[in-house]
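The block underneath contains the structure these notes are about, expressed in structure tokens.
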Amino acid sequence: MSTQIDYYELLECERTADAATIKSSYRKLAMKYHPDKNAGCKDSEAKFKAVSEAYDCLKDPQKRAAYDRFGHAAFQNGGGGAGPQDFGGFSDIFESVFGEFMGGGGRGRAQPRRGADLRYDMEISLEEAFHGKSTEITVDVSAECDTCHGSGAKPGTKASTCRQCGGHGKVRAQQGFFVVERACPVCQGSGQVIADPCTDCRGEGRVEKTKTLKVDVPPGVDEGTRIRLTGEGEAGPRGAPAGDLYIFLHVKRHAIFEREGTTLFARAPISFTTAALGGSLSIPGLDGKTHEVRIPAGIQSGKQLRQRGAGMPVLQGRGHGDLVVQIEVETPTRLTTRQRELLELFRETETGEECPASQGFFSKLKSAIVGE
């Protein structure tokens, strides 16, 4: 057979075909050209072997990826029973295709492993979220060893290149068509060996410490806002870069205000006389100012009044959101004799037009009952 015939063409599939389509096409062609159905036909036998070879390649995701990129050249040196002496060509191809999954190509020197990121949860009040704050936190973290300055080697000595991996930090083993890379068992992937380790960090280059860090919380932060302190996470082993510390903010529930983005909400109970006659309401804001909210006569429970610019500040921006006051009309529960007398007089003068919603409801109810 000719190995230069395109595998996708052999299987009568597009290059974008999924695994199920390729499998279905192969089964159909294999049945068509199978030697048992075409006894003595050399062309059918050759065709059957060709489609079988094509399917054997394309059904394997790694082989297919190599074929898509390099074509038949991907298997010229490493295919079909190749020995260790002639495997180098496909080894290079494999590394080019899949090296990113193994640390970005294994032929360079081992790169230092960055330290782990850390998380710190901080609780703040709504007032602190409004104004911002500067504070200090204490964290226990792996930090660079002061004795060896992070090298892991005893002062006056230094690490040497690992002979097992030649400083690459990885070793290779051949498995069939492919080369499998893994961390060097001698240097654990660092590429270096320390013969005389530091006694304080035992060759790690880092020790446990308690650090005090300054944190600046900007005005306008919200629940879940994340503050990043670069390089304040775990120190990397043997002088590798440190990770970052992420501070997650949690805003405590406020006694008066609720928050939605930059908008503050507050519920304000007022007397029924103020609701009927109108008036004003003084609301102390988180900004330290007193905001006067005008109440129109005849206001109903649930009505919301908006005070522009009295809400939360915009995070890392300019301006403020709004303050929304929701009115709750309170019915008196304890009346003096004089108050009761006045209310009785008021009821005697009622015509029903004072409360049009109530009058309309009872009119509809009466009409519905009569209609039945």
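Each chain in the structure tokens gets a letter, A, B and so on, in the order shown; residues start at 1 in every chain, and ligands are counted from 1 in the order they appear.
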Original post:
Which neighbours of Val217 in chain A fall inside 12 Å, counting only C-alpha atoms, when residues of the same chain fewer than 3 positions from it are skipped, and could you give them as a VMD selection string?
Top reply: chain A and resid 122 to 125 127 to 136 214 220 to 222 225 to 229 247 to 251 315 to 316
Original post:
Running DSSP on the backbone, which parts of range 305-368 of chain A land in strand (DSSP E), as number ranges by chain?
Top reply: A: 305-307, 323-330
**OP:** Between A:Gly288, A:Leu126, A:Thr336, A:Ser160, single out the one closest to His254 in chain A, counting only C-alpha atoms.
**Re:**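 Answer, going by the shortest atom-to-atom distance: A:Leu126.
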Original post:
So, counting only C-alpha atoms, which residue among A:Ile5, A:Lys59, A:Gly302, A:Val141 is closest to His72 in chain A?
Top reply: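 The closest residue to His72 in chain A is A:Ile5.
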Original post:
Where in range 125-372 of chain A does DSSP assign helix (DSSP H, G or I), given as number ranges by chain?
Top reply: A: 126-131, 237-239, 272-277, 337-349, 356-371
**OP:** Using CA of Leu286 in chain A and CA of Ile256 in chain A as the two end points, give the distance in Å to one decimal.
**Re:**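 Result for CA of Leu286 in chain A versus CA of Ile256 in chain A: 10.4 Å, one decimal.
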**OP:** Give me the residues within 7 Å of range 113-116 of chain A as a VMD selection string, counting only C-alpha atoms and dropping any in the same chain fewer than 5 places off.
**Re:** chain A and resid 233 to 237 240 to 243
For the residues in the current selection, export N, CA, C and O atoms as a JSON list (two decimals), in the first residue's frame.
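And here is the file that came out, out_13.json:
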[["chain", "number", "residue", "atom", "x", "y", "z"],
["A", 233, "GLY", "N", 2.56, 35.25, 49.18],
["A", 233, "GLY", "CA", 2.10, 33.89, 49.42],
["A", 233, "GLY", "C", 3.25, 33.00, 49.88],
["A", 233, "GLY", "O", 4.25, 33.48, 50.44],
["A", 234, "GLU", "N", 3.12, 31.70, 49.63],
["A", 234, "GLU", "CA", 4.18, 30.76, 50.02],
["A", 234, "GLU", "C", 5.43, 31.02, 49.18],
["A", 234, "GLU", "O", 5.37, 31.22, 47.97],
["A", 235, "ALA", "N", 6.58, 30.99, 49.85],
["A", 235, "ALA", "CA", 7.84, 31.09, 49.13],
["A", 235, "ALA", "C", 8.05, 29.84, 48.31],
["A", 235, "ALA", "O", 7.69, 28.73, 48.72],
["A", 236, "GLY", "N", 8.64, 29.98, 47.13],
["A", 236, "GLY", "CA", 8.95, 28.82, 46.31],
["A", 236, "GLY", "C", 10.15, 28.08, 46.89],
["A", 236, "GLY", "O", 10.98, 28.65, 47.61],
["A", 237, "PRO", "N", 10.29, 26.79, 46.59],
["A", 237, "PRO", "CA", 11.42, 26.02, 47.12],
["A", 237, "PRO", "C", 12.73, 26.47, 46.49],
["A", 237, "PRO", "O", 12.79, 26.77, 45.30],
["A", 240, "ALA", "N", 12.85, 29.83, 44.51],
["A", 240, "ALA", "CA", 11.85, 30.07, 43.46],
["A", 240, "ALA", "C", 10.93, 31.21, 43.87],
["A", 240, "ALA", "O", 10.78, 31.52, 45.06],
["A", 241, "PRO", "N", 10.28, 31.88, 42.91],
["A", 241, "PRO", "CA", 9.41, 33.01, 43.23],
["A", 241, "PRO", "C", 8.27, 32.61, 44.17],
["A", 241, "PRO", "O", 7.78, 31.48, 44.15],
["A", 242, "ALA", "N", 7.88, 33.56, 45.01],
["A", 242, "ALA", "CA", 6.78, 33.32, 45.95],
["A", 242, "ALA", "C", 5.44, 33.48, 45.24],
["A", 242, "ALA", "O", 5.32, 34.18, 44.23],
["A", 243, "GLY", "N", 4.43, 32.82, 45.78],
["A", 243, "GLY", "CA", 3.07, 33.01, 45.27],
["A", 243, "GLY", "C", 2.48, 34.30, 45.79],
["A", 243, "GLY", "O", 3.17, 35.13, 46.39]]
Find the spatial neighbours of Ile270 in chain A, counting only C-alpha atoms, within a cut-off of 9 Å - ignore same-chain residues fewer than 3 positions away - and output them as a compact mmCIF listing (two decimals) with N, CA, C and O atoms, in the first residue's frame.
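Generated output (selection20.txt):
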# COMPACT_ATOMS: atom_id res chain seq x y z
N THR A 273 -50.47 59.87 60.30
CA THR A 273 -50.77 61.29 60.10
C THR A 273 -49.73 61.93 59.19
O THR A 273 -50.06 62.76 58.33
N THR A 274 -48.45 61.55 59.37
CA THR A 274 -47.40 62.07 58.48
C THR A 274 -47.64 61.56 57.06
O THR A 274 -47.45 62.30 56.09
N ALA A 275 -48.08 60.32 56.96
CA ALA A 275 -48.37 59.79 55.64
C ALA A 275 -49.52 60.55 54.99
O ALA A 275 -49.50 60.80 53.78
N LEU A 281 -38.25 63.54 56.58
CA LEU A 281 -37.59 62.50 57.36
C LEU A 281 -36.09 62.75 57.33
O LEU A 281 -35.52 62.99 56.26
N ILE A 327 -40.92 53.50 52.48
CA ILE A 327 -41.83 53.98 53.51
C ILE A 327 -42.72 52.85 54.03
O ILE A 327 -43.27 52.08 53.24
N GLU A 328 -42.84 52.76 55.33
CA GLU A 328 -43.74 51.81 55.98
C GLU A 328 -44.67 52.61 56.90
O GLU A 328 -44.23 53.18 57.90
N VAL A 329 -45.95 52.72 56.52
CA VAL A 329 -46.91 53.49 57.31
C VAL A 329 -47.33 52.64 58.52
O VAL A 329 -47.83 51.52 58.37
N GLU A 330 -47.14 53.20 59.70
CA GLU A 330 -47.44 52.49 60.94
C GLU A 330 -48.80 52.91 61.50
O GLU A 330 -49.08 54.10 61.68
N THR A 331 -49.64 51.95 61.76
CA THR A 331 -50.95 52.21 62.37
C THR A 331 -50.79 52.29 63.88
O THR A 331 -50.19 51.40 64.49
Subject >> Point-to-point distance in Å for CA of Glu354 in chain A and CA of Arg267 in chain A >> reply: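 Value for the CA of Arg267 in chain A-CA of Glu354 in chain A distance: 25.4 Å.
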Original post:
Rounded to one decimal in Å, what is the spacing between CA of Asp56 in chain A and CA of Tyr7 in chain A?
Top reply: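 CA of Asp56 in chain A sits 9.9 Å away from CA of Tyr7 in chain A.
Using only C-alpha atoms, the residues found no farther than 9 Å from Leu305 in chain A, other than those of its own chain fewer than 2 positions away, are Val293, Arg294, Ile295, Lys303, Gln307, Leu323, Val324, Val325, Gln326 and Ile327 of chain A.
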